[in-house]
file data16.pdb (PDB, C-alpha atoms)
ATOM      1  CA  MET A   1     -87.208  52.415-297.031
ATOM      2  CA  LYS A   2     -87.442  51.145-293.421
ATOM      3  CA  LYS A   3     -84.380  53.187-292.449
ATOM      4  CA  LEU A   4     -85.854  56.298-294.041
ATOM      5  CA  LEU A   5     -89.164  55.810-292.221
ATOM      6  CA  THR A   6     -87.367  55.280-288.910
ATOM      7  CA  ALA A   7     -85.387  58.464-289.492
ATOM      8  CA  ALA A   8     -88.567  60.355-290.280
ATOM      9  CA  VAL A   9     -90.235  59.165-287.051
ATOM     10  CA  ALA A  10     -87.126  60.095-285.039
ATOM     11  CA  SER A  11     -87.077  63.527-286.659
ATOM     12  CA  VAL A  12     -90.711  64.103-285.706
ATOM     13  CA  ALA A  13     -90.046  62.978-282.124
ATOM     14  CA  LEU A  14     -87.091  65.330-281.802
ATOM     15  CA  SER A  15     -89.028  68.210-283.297
ATOM     16  CA  SER A  16     -91.643  67.806-280.564
ATOM     17  CA  GLY A  17     -88.959  68.857-278.070
ATOM     18  CA  ALA A  18     -89.201  65.831-275.768
ATOM     19  CA  PHE A  19     -88.238  62.174-275.589
ATOM     20  CA  ALA A  20     -91.589  60.418-275.711
ATOM     21  CA  ALA A  21     -92.271  56.728-275.325
ATOM     22  CA  ASN A  22     -92.316  55.290-278.821
ATOM     23  CA  PRO A  23     -95.612  54.040-280.268
ATOM     24  CA  ALA A  24     -95.698  50.310-279.491
ATOM     25  CA  THR A  25     -97.848  47.249-279.960
ATOM     26  CA  ASP A  26     -97.561  43.529-279.227
ATOM     27  CA  ASN A  27     -99.754  40.459-278.855
ATOM     28  CA  ALA A  28     -99.114  36.826-278.074
ATOM     29  CA  SER A  29     -99.794  35.612-281.611
ATOM     30  CA  THR A  30     -96.725  37.269-283.176
ATOM     31  CA  ALA A  31     -94.027  35.104-284.717
ATOM     32  CA  ASN A  32     -91.580  36.122-281.974
ATOM     33  CA  TYR A  33     -93.226  33.669-279.547
ATOM     34  CA  PRO A  34     -93.130  30.326-281.414
ATOM     35  CA  GLY A  35     -94.506  27.201-279.834
ATOM     36  CA  GLY A  36     -95.901  28.962-276.784
ATOM     37  CA  ALA A  37     -92.452  29.881-275.468
ATOM     38  CA  TRP A  38     -92.100  33.167-273.604
ATOM     39  CA  ALA A  39     -88.995  33.985-271.594
ATOM     40  CA  THR A  40     -86.602  36.750-270.578
ATOM     41  CA  GLY A  41     -85.097  38.378-273.669
ATOM     42  CA  ASP A  42     -88.085  37.758-275.944
ATOM     43  CA  ASN A  43     -89.163  40.902-277.770
ATOM     44  CA  GLY A  44     -92.241  40.537-279.943
ATOM     45  CA  GLY A  45     -94.197  43.253-281.667
ATOM     46  CA  VAL A  46     -92.735  46.719-282.243
ATOM     47  CA  GLY A  47     -91.775  49.628-280.011
ATOM     48  CA  PHE A  48     -91.265  47.836-276.693
ATOM     49  CA  GLY A  49     -88.053  46.660-275.084
ATOM     50  CA  ALA A  50     -87.397  42.983-274.289
ATOM     51  CA  TRP A  51     -89.236  41.135-271.532
ATOM     52  CA  THR A  52     -87.631  40.395-268.164
ATOM     53  CA  ILE A  53     -89.388  37.599-266.281
ATOM     54  CA  THR A  54     -88.504  36.947-262.645
ATOM     55  CA  THR A  55     -89.921  33.881-260.907
ATOM     56  CA  ASN A  56     -90.011  32.526-257.376
ATOM     57  CA  ALA A  57     -91.336  28.967-257.799
ATOM     58  CA  PRO A  58     -93.954  27.586-257.802
ATOM     59  CA  ALA A  59     -94.796  30.080-260.547
ATOM     60  CA  GLY A  60     -94.235  30.538-264.252
ATOM     61  CA  SER A  61     -95.096  32.087-267.605
ATOM     62  CA  PHE A  62     -96.479  30.725-270.851
ATOM     63  CA  ILE A  63     -98.277  31.628-274.069
ATOM     64  CA  GLY A  64    -101.500  29.769-274.777
ATOM     65  CA  PRO A  65    -105.057  29.525-273.438
ATOM     66  CA  THR A  66    -105.679  31.699-270.378
ATOM     67  CA  ALA A  67    -108.646  33.296-268.652
ATOM     68  CA  LEU A  68    -108.439  35.955-271.389
ATOM     69  CA  SER A  69    -108.065  34.133-274.711
ATOM     70  CA  ASP A  70    -106.021  31.654-276.724
ATOM     71  CA  PRO A  71    -103.314  32.623-277.320
ATOM     72  CA  SER A  72    -102.424  35.255-274.754
ATOM     73  CA  PHE A  73     -99.604  35.899-272.292
ATOM     74  CA  GLY A  74    -100.171  33.906-269.111
ATOM     75  CA  ILE A  75     -98.610  34.014-265.651
ATOM     76  CA  PHE A  76     -99.379  31.815-262.645
ATOM     77  CA  SER A  77     -98.326  31.429-259.009
ATOM     78  CA  GLU A  78     -99.229  28.808-256.430
ATOM     79  CA  ASP A  79     -98.488  27.853-252.826
ATOM     80  CA  THR A  80     -96.979  24.453-252.147
ATOM     81  CA  GLY A  81     -95.566  25.356-248.765
ATOM     82  CA  VAL A  82     -93.719  28.296-250.326
ATOM     83  CA  ALA A  83     -95.730  31.141-251.826
ATOM     84  CA  GLY A  84     -94.954  31.473-255.518
ATOM     85  CA  SER A  85     -94.549  34.828-257.275
ATOM     86  CA  ILE A  86     -93.735  36.121-260.741
ATOM     87  CA  THR A  87     -93.168  39.477-262.420
ATOM     88  CA  ALA A  88     -93.043  40.132-266.168
ATOM     89  CA  TYR A  89     -91.478  43.527-266.903
ATOM     90  CA  ARG A  90     -91.309  45.362-270.215
ATOM     91  CA  PRO A  91     -89.718  48.794-270.804
ATOM     92  CA  PHE A  92     -91.050  51.428-273.149
ATOM     93  CA  THR A  93     -88.498  52.620-275.698
ATOM     94  CA  GLY A  94     -87.665  56.221-276.556
ATOM     95  CA  GLY A  95     -88.507  57.614-273.134
ATOM     96  CA  ALA A  96     -91.325  57.905-270.599
ATOM     97  CA  LEU A  97     -94.986  58.590-271.328
ATOM     98  CA  LEU A  98     -95.546  62.226-272.219
ATOM     99  CA  ALA A  99     -98.753  64.171-271.634
ATOM    100  CA  GLY A 100    -101.487  62.710-273.820
ATOM    101  CA  GLU A 101     -99.815  59.317-274.299
ATOM    102  CA  SER A 102    -101.655  56.170-273.220
ATOM    103  CA  PHE A 103    -100.844  52.607-272.249
ATOM    104  CA  ASN A 104    -103.520  50.025-273.127
ATOM    105  CA  VAL A 105    -103.864  46.304-272.386
ATOM    106  CA  ASP A 106    -106.554  43.610-272.083
ATOM    107  CA  LEU A 107    -106.487  41.222-269.110
ATOM    108  CA  ALA A 108    -108.478  38.585-267.242
ATOM    109  CA  ASN A 109    -108.072  36.133-264.365
ATOM    110  CA  THR A 110    -109.386  32.714-263.430
ATOM    111  CA  THR A 111    -111.563  32.071-260.412
ATOM    112  CA  THR A 112    -109.192  31.840-257.455
ATOM    113  CA  ILE A 113    -107.036  34.648-256.040
ATOM    114  CA  VAL A 114    -105.471  33.851-252.689
ATOM    115  CA  GLY A 115    -102.772  36.530-252.857
ATOM    116  CA  ASP A 116    -102.805  39.334-255.430
ATOM    117  CA  ILE A 117    -102.472  39.892-259.185
ATOM    118  CA  GLY A 118    -102.229  42.967-261.378
ATOM    119  CA  LEU A 119     -99.881  45.359-263.105
ATOM    120  CA  SER A 120     -97.793  48.406-262.280
ATOM    121  CA  LEU A 121     -96.582  51.274-264.418
ATOM    122  CA  MET A 122     -92.953  51.670-263.517
ATOM    123  CA  ASP A 123     -90.373  54.428-263.038
ATOM    124  CA  GLY A 124     -87.262  52.326-263.500
ATOM    125  CA  ALA A 125     -87.502  49.663-260.781
ATOM    126  CA  THR A 126     -90.151  51.585-258.790
ATOM    127  CA  ALA A 127     -93.891  50.974-259.154
ATOM    128  CA  ARG A 128     -95.648  54.346-259.411
ATOM    129  CA  TRP A 129     -99.194  53.343-260.428
ATOM    130  CA  THR A 130    -100.720  49.943-259.687
ATOM    131  CA  LEU A 131    -103.934  48.162-260.660
ATOM    132  CA  LYS A 132    -104.501  45.010-258.610
ATOM    133  CA  PHE A 133    -106.957  42.557-257.190
ATOM    134  CA  VAL A 134    -106.290  41.266-253.675
ATOM    135  CA  GLY A 135    -107.821  37.980-252.539
ATOM    136  CA  GLY A 136    -110.849  38.449-250.296
ATOM    137  CA  GLY A 137    -111.758  41.814-251.806
ATOM    138  CA  SER A 138    -114.728  42.775-253.962
ATOM    139  CA  ASP A 139    -113.261  45.367-256.376
ATOM    140  CA  TRP A 140    -110.069  45.834-258.335
ATOM    141  CA  GLN A 141    -107.952  48.424-256.528
ATOM    142  CA  LEU A 142    -105.775  51.320-257.683
ATOM    143  CA  ASN A 143    -102.762  52.754-255.924
ATOM    144  CA  ASP A 144    -101.002  55.910-257.147
ATOM    145  CA  GLY A 145     -98.579  56.296-254.255
ATOM    146  CA  GLY A 146    -100.905  56.527-251.253
ATOM    147  CA  THR A 147    -103.576  54.143-249.998
ATOM    148  CA  ASP A 148    -105.501  51.720-252.196
ATOM    149  CA  PHE A 149    -108.880  52.819-253.587
ATOM    150  CA  SER A 150    -111.521  51.182-255.748
ATOM    151  CA  SER A 151    -111.102  51.261-259.514
ATOM    152  CA  GLY A 152    -114.868  51.007-259.972
ATOM    153  CA  GLN A 153    -114.554  47.523-261.504
ATOM    154  CA  ALA A 154    -115.825  44.583-259.470
ATOM    155  CA  TYR A 155    -114.102  41.191-259.351
ATOM    156  CA  ALA A 156    -115.088  39.329-262.516
ATOM    157  CA  ALA A 157    -113.426  35.953-263.078
ATOM    158  CA  ASP A 158    -112.941  34.729-266.659
ATOM    159  CA  THR A 159    -113.998  38.118-268.020
ATOM    160  CA  SER A 160    -111.978  40.197-270.471
ATOM    161  CA  LEU A 161    -111.313  43.668-269.070
ATOM    162  CA  SER A 162    -109.663  46.484-271.026
ATOM    163  CA  LEU A 163    -107.400  49.019-269.318
ATOM    164  CA  SER A 164    -106.499  52.374-270.816
ATOM    165  CA  PHE A 165    -104.212  54.639-268.758
ATOM    166  CA  THR A 166    -103.537  58.162-270.047
ATOM    167  CA  TYR A 167    -100.824  60.385-268.597
ATOM    168  CA  ASN A 168    -102.045  63.998-268.547
ATOM    169  CA  GLY A 169     -98.792  65.661-267.457
ATOM    170  CA  GLY A 170     -97.540  66.673-264.030
ATOM    171  CA  SER A 171     -99.170  64.410-261.450
ATOM    172  CA  SER A 172    -102.414  63.982-263.391
ATOM    173  CA  TYR A 173    -103.774  60.893-265.108
ATOM    174  CA  SER A 174    -107.035  59.434-266.385
ATOM    175  CA  TYR A 175    -108.079  55.816-266.855
ATOM    176  CA  THR A 176    -110.795  53.433-267.922
ATOM    177  CA  PHE A 177    -110.888  49.833-266.701
ATOM    178  CA  GLY A 178    -113.918  47.695-267.436
ATOM    179  CA  THR A 179    -116.861  49.579-265.952
ATOM    180  CA  GLY A 180    -114.583  51.867-263.914
ATOM    181  CA  SER A 181    -113.146  55.181-265.049
ATOM    182  CA  GLY A 182    -111.790  58.457-263.753
ATOM    183  CA  ASP A 183    -110.543  61.730-265.248
ATOM    184  CA  ASN A 184    -107.736  63.985-264.091
ATOM    185  CA  PHE A 185    -106.775  62.167-260.915
ATOM    186  CA  VAL A 186    -103.884  63.752-259.016
ATOM    187  CA  ALA A 187    -101.423  61.016-258.087
ATOM    188  CA  THR A 188     -99.834  60.884-254.659
ATOM    189  CA  ALA A 189     -96.543  59.694-256.156
ATOM    190  CA  ASP A 190     -94.408  61.327-258.838
ATOM    191  CA  ILE A 191     -95.648  59.774-262.100
ATOM    192  CA  SER A 192     -93.665  62.003-264.467
ATOM    193  CA  ASN A 193     -91.305  59.205-265.573
ATOM    194  CA  LEU A 194     -93.462  56.175-266.379
ATOM    195  CA  ASP A 195     -91.130  54.201-268.629
ATOM    196  CA  GLY A 196     -92.302  50.589-268.402
ATOM    197  CA  VAL A 197     -94.969  48.126-267.297
ATOM    198  CA  GLN A 198     -94.739  45.153-264.933
ATOM    199  CA  PHE A 199     -97.339  42.395-264.573
ATOM    200  CA  PHE A 200     -97.358  40.371-261.365
ATOM    201  CA  SER A 201     -98.932  37.370-259.672
ATOM    202  CA  ASN A 202     -98.328  36.501-256.020
ATOM    203  CA  ASN A 203     -99.764  33.244-254.653
ATOM    204  CA  GLN A 204    -102.806  33.387-256.935
ATOM    205  CA  GLY A 205    -103.787  29.758-256.371
ATOM    206  CA  GLY A 206    -103.288  26.222-257.662
ATOM    207  CA  GLY A 207    -104.260  25.712-261.302
ATOM    208  CA  GLN A 208    -105.077  29.413-261.766
ATOM    209  CA  ASN A 209    -103.694  32.065-264.131
ATOM    210  CA  MET A 210    -103.839  35.694-265.168
ATOM    211  CA  GLY A 211    -103.847  36.397-268.898
ATOM    212  CA  PHE A 212    -103.103  39.609-270.761
ATOM    213  CA  ASN A 213    -102.701  40.645-274.369
ATOM    214  CA  ASN A 214    -102.822  43.486-276.901
ATOM    215  CA  LEU A 215    -100.262  45.756-275.262
ATOM    216  CA  GLU A 216    -100.093  49.258-276.743
ATOM    217  CA  VAL A 217     -98.397  52.587-276.202
ATOM    218  CA  VAL A 218    -100.510  55.131-278.050
ATOM    219  CA  PRO A 219     -99.230  58.646-278.873
ATOM    220  CA  GLU A 220    -101.258  61.747-278.247
ATOM    221  CA  PRO A 221    -103.372  62.857-281.263
ATOM    222  CA  SER A 222    -101.028  65.719-282.176
ATOM    223  CA  THR A 223     -98.152  63.228-282.405
ATOM    224  CA  TYR A 224    -100.196  61.130-284.808
ATOM    225  CA  ALA A 225    -100.697  64.242-286.917
ATOM    226  CA  LEU A 226     -96.961  64.945-286.924
ATOM    227  CA  LEU A 227     -96.210  61.340-287.872
ATOM    228  CA  ALA A 228     -98.711  61.549-290.724
ATOM    229  CA  LEU A 229     -97.159  64.823-291.894
ATOM    230  CA  GLY A 230     -93.681  63.300-291.722
ATOM    231  CA  ALA A 231     -94.805  60.208-293.631
ATOM    232  CA  ALA A 232     -96.432  62.386-296.287
ATOM    233  CA  GLY A 233     -93.243  64.412-296.662
ATOM    234  CA  LEU A 234     -91.206  61.227-296.913
ATOM    235  CA  GLY A 235     -93.548  59.889-299.590
ATOM    236  CA  ALA A 236     -93.258  63.064-301.620
ATOM    237  CA  HIS A 237     -89.472  62.923-301.307
ATOM    238  CA  LEU A 238     -89.403  59.336-302.582
ATOM    239  CA  ILE A 239     -91.665  60.196-305.517
ATOM    240  CA  ARG A 240     -89.393  63.077-306.502
ATOM    241  CA  ARG A 241     -86.350  60.743-306.342
ATOM    242  CA  ARG A 242     -88.036  58.186-308.602
ATOM    243  CA  ARG A 243     -88.889  60.818-311.215
ATOM    244  CA  ARG A 244     -85.288  61.916-311.572
TER     245      ARG A 244
END

call {"tool": "encode", "arguments": {"input": "data16.pdb", "output": "C-alpha cells"}}
result
Amino acid sequence: MKKLLTAAVASVALSSGAFAANPATDNASTANYPGGAWATGDNGGVGFGAWTITTNAPAGSFIGPTALSDPSFGIFSEDTGVAGSITAYRPFTGGALLAGESFNVDLANTTTIVGDIGLSLMDGATARWTLKFVGGGSDWQLNDGGTDFSSGQAYAADTSLSLSFTYNGGSSYSYTFGTGSGDNFVATADISNLDGVQFFSNNQGGGQNMGFNNLEVVPEPSTYALLALGAAGLGAHLIRRRRR
C-alpha cells in the first residue's frame, strides 16, 4: 500500500511538469530522536533529507527544553576566548521550492544575543534568503541578497514566533514572521533554487539557546488538489482489485 501511495504521489509530481520540493514535516518529538539525541545523519519526520550539523566549539545541538518549548530542536554557541558557532542544515527532497510552495517553522531565543542567530534558505551551499537577529539591534532582519532590512518583528526573548516563507516564482516571495509580513518582495539574489534550510548560531552567549520546531514544506493548493485526486484514484483502484 505504501509503495502504491508513493508511486501515486510521484506520478502527480511528474504530471505537474516540474520537480517540486516534496511535502515535508518534522518535529522534535518524533521517535527518530530518542533520548534527546540529535546529530548529523538523523532524519526524523517525512519528506526532508538528513540533518548535517557543523560545530565550532564552544557550541552544540540538543533536543529538549529551549526558549521555544520542550521538546524542541536547540542550538547554542558561546565565547570562551574562541567564538563558538553552529549550523544545522537540512535539504528538501524532490527538488527546490516551486511557485506557491511554502516553508514554515516556529522559533524562539533566550535573552542574550552577543553575535547573531537565525536561519537561511539555501541554494546548495549558498544562503539566498536569511532571517536573523544581530546582537545590539532592535528588530529581526531579512536579507535577500542585498542589504539587511527590518522584518517588522521586534526582538522578543522567550517568545514563540512563527515564520512562513512562500516562493512566488521568479525573484518574488512573500512572508509572515510574528507581527511582520510582506507580499511579493523582489529578491536581490536569485532565489529560484531554494532546496534546503540552515539554522545558525554565532556567539549567542553563555547559557543561551535558540529553539525551533514544527518544520514544514507545504505544497501550493493546486498540488494538494492533485494529490487528493491521485489518492482518490488509487482508492478506487484498490476497491476494484478487492472486488475481483

call {"tool": "closest_residue", "arguments": {"input": "data16.pdb", "among": "A:Ser29, A:Asn168, A:Gln141, A:Asn184", "to": "Leu98 (chain A)", "atoms": "all atoms listed in the file"}}
result
A:Asn168

call {"tool": "atom_distance", "arguments": {"input": "data16.pdb", "atom1": "CA of Ala157 (chain A)", "atom2": "CA of Phe133 (chain A)"}}
result
11.0 Å

call {"tool": "closest_residue", "arguments": {"input": "data16.pdb", "among": "A:Thr25, A:Ser138, A:Ser164, A:Ser201", "to": "Ser61 (chain A)", "atoms": "all atoms listed in the file"}}
result
A:Ser201

call {"tool": "residues_near_point", "arguments": {"input": "data16.pdb", "point": "(-102.0, 59.5, -260.7)", "cutoff": "9 Å", "atoms": "all atoms listed in the file", "output": "list in words"}}
result
Arg128, Trp129, Asn143, Asp144, Gly145, Tyr167, Ser171, Ser172, Tyr173, Ser174, Asn184, Phe185, Val186, Ala187, Thr188, Ala189, Asp190 and Ile191 of chain A

call {"tool": "closest_residue", "arguments": {"input": "data16.pdb", "among": "A:Thr55, A:Asn43, A:Thr130, A:Ser72", "to": "Phe92 (chain A)", "atoms": "only C-alpha atoms"}}
result
A:Asn43

call {"tool": "resolve_selection", "arguments": {"input": "data16.pdb", "expression": "the PyMOL selection byres ((chain A and resi 74-85) around 9)", "output": "ChimeraX atom specification"}}
result
/A:54-68,71-73,86-88,114-115,199-213

call {"tool": "closest_residue", "arguments": {"input": "data16.pdb", "among": "A:Thr40, A:Ser192, A:Asn104, A:Thr176", "to": "Asn214 (chain A)", "atoms": "all atoms listed in the file"}}
result
A:Asn104

call {"tool": "atom_distance", "arguments": {"input": "data16.pdb", "atom1": "CA of Leu163 (chain A)", "atom2": "CA of Ala108 (chain A)"}}
result
10.7 Å

call {"tool": "atom_distance", "arguments": {"input": "data16.pdb", "atom1": "CA of Thr166 (chain A)", "atom2": "CA of Phe103 (chain A)"}}
result
6.6 Å

call {"tool": "closest_residue", "arguments": {"input": "data16.pdb", "among": "A:Gly94, A:Gly100, A:Gly152, A:Gly146", "to": "Gly180 (chain A)", "atoms": "only C-alpha atoms"}}
result
A:Gly152

call {"tool": "closest_residue", "arguments": {"input": "data16.pdb", "among": "A:Ala24, A:Tyr89, A:Ser69, A:Ser120", "to": "Gly41 (chain A)", "atoms": "all atoms listed in the file"}}
result
A:Tyr89

call {"tool": "residues_around", "arguments": {"input": "data16.pdb", "residues": "Asp139 (chain A)", "least_positions_apart": "6", "cutoff": "10 Å", "atoms": "only C-alpha atoms", "output": "PyMOL selection string"}}
result
chain A and resi 132-133+149-156

call {"tool": "build_atoms", "arguments": {"input": "data16.pdb", "residues": "region 44-66 of chain A", "atoms": "N, CA, C and O atoms", "output": "compact mmCIF listing (two decimals), keeping the file's coordinate frame"}}
result
# COMPACT_ATOMS: atom_id res chain seq x y z
N GLY A 44 -91.30 40.55 -278.84
CA GLY A 44 -92.24 40.54 -279.94
C GLY A 44 -92.85 41.91 -280.19
O GLY A 44 -92.70 42.84 -279.40
N GLY A 45 -93.55 42.00 -281.32
CA GLY A 45 -94.20 43.25 -281.67
C GLY A 45 -93.20 44.32 -282.06
O GLY A 45 -92.07 44.03 -282.46
N VAL A 46 -93.60 45.58 -281.91
CA VAL A 46 -92.74 46.72 -282.24
C VAL A 46 -92.86 47.78 -281.15
O VAL A 46 -93.91 47.97 -280.55
N GLY A 47 -91.75 48.45 -280.87
CA GLY A 47 -91.78 49.63 -280.01
C GLY A 47 -91.49 49.40 -278.55
O GLY A 47 -91.22 50.35 -277.82
N PHE A 48 -91.59 48.15 -278.08
CA PHE A 48 -91.26 47.84 -276.69
C PHE A 48 -89.83 47.34 -276.59
O PHE A 48 -89.22 46.91 -277.58
N GLY A 49 -89.30 47.34 -275.35
CA GLY A 49 -88.05 46.66 -275.08
C GLY A 49 -88.32 45.20 -274.76
O GLY A 49 -89.47 44.75 -274.70
N ALA A 50 -87.26 44.42 -274.54
CA ALA A 50 -87.40 42.98 -274.29
C ALA A 50 -87.99 42.72 -272.91
O ALA A 50 -87.84 43.50 -271.97
N TRP A 51 -88.66 41.57 -272.80
CA TRP A 51 -89.24 41.14 -271.53
C TRP A 51 -88.15 40.72 -270.53
O TRP A 51 -87.13 40.15 -270.92
N THR A 52 -88.41 40.97 -269.26
CA THR A 52 -87.63 40.40 -268.16
C THR A 52 -88.61 39.70 -267.23
O THR A 52 -89.49 40.34 -266.65
N ILE A 53 -88.47 38.39 -267.11
CA ILE A 53 -89.39 37.60 -266.28
C ILE A 53 -88.62 37.06 -265.08
O ILE A 53 -87.60 36.40 -265.22
N THR A 54 -89.14 37.36 -263.89
CA THR A 54 -88.50 36.95 -262.64
C THR A 54 -89.48 36.08 -261.87
O THR A 54 -90.61 36.48 -261.60
N THR A 55 -89.02 34.87 -261.49
CA THR A 55 -89.92 33.88 -260.91
C THR A 55 -89.39 33.36 -259.58
O THR A 55 -88.20 33.09 -259.45
N ASN A 56 -90.28 33.25 -258.62
CA ASN A 56 -90.01 32.53 -257.38
C ASN A 56 -90.98 31.34 -257.35
O ASN A 56 -92.17 31.51 -257.10
N ALA A 57 -90.48 30.14 -257.66
CA ALA A 57 -91.34 28.97 -257.80
C ALA A 57 -92.07 28.66 -256.49
O ALA A 57 -91.56 28.97 -255.40
N PRO A 58 -93.29 28.09 -256.61
CA PRO A 58 -93.95 27.59 -257.80
C PRO A 58 -94.70 28.69 -258.56
O PRO A 58 -95.73 29.20 -258.08
N ALA A 59 -94.19 29.06 -259.71
CA ALA A 59 -94.80 30.08 -260.55
C ALA A 59 -94.18 29.96 -261.93
O ALA A 59 -93.16 29.30 -262.11
N GLY A 60 -94.80 30.61 -262.92
CA GLY A 60 -94.24 30.54 -264.25
C GLY A 60 -95.00 31.37 -265.26
O GLY A 60 -95.98 32.04 -264.94
N SER A 61 -94.51 31.32 -266.51
CA SER A 61 -95.10 32.09 -267.60
C SER A 61 -95.27 31.18 -268.81
O SER A 61 -94.55 30.20 -268.98
N PHE A 62 -96.23 31.52 -269.66
CA PHE A 62 -96.48 30.72 -270.85
C PHE A 62 -97.28 31.56 -271.84
O PHE A 62 -97.81 32.62 -271.50
N ILE A 63 -97.37 31.09 -273.07
CA ILE A 63 -98.28 31.63 -274.07
C ILE A 63 -99.22 30.51 -274.49
O ILE A 63 -98.79 29.40 -274.80
N GLY A 64 -100.52 30.79 -274.45
CA GLY A 64 -101.50 29.77 -274.78
C GLY A 64 -102.86 30.17 -274.25
O GLY A 64 -103.14 31.36 -274.08
N PRO A 65 -103.72 29.20 -273.95
CA PRO A 65 -105.06 29.52 -273.44
C PRO A 65 -104.99 30.01 -271.99
O PRO A 65 -104.37 29.38 -271.14
N THR A 66 -105.60 31.14 -271.72
CA THR A 66 -105.68 31.70 -270.38
C THR A 66 -107.12 32.11 -270.10
O THR A 66 -108.01 31.88 -270.92
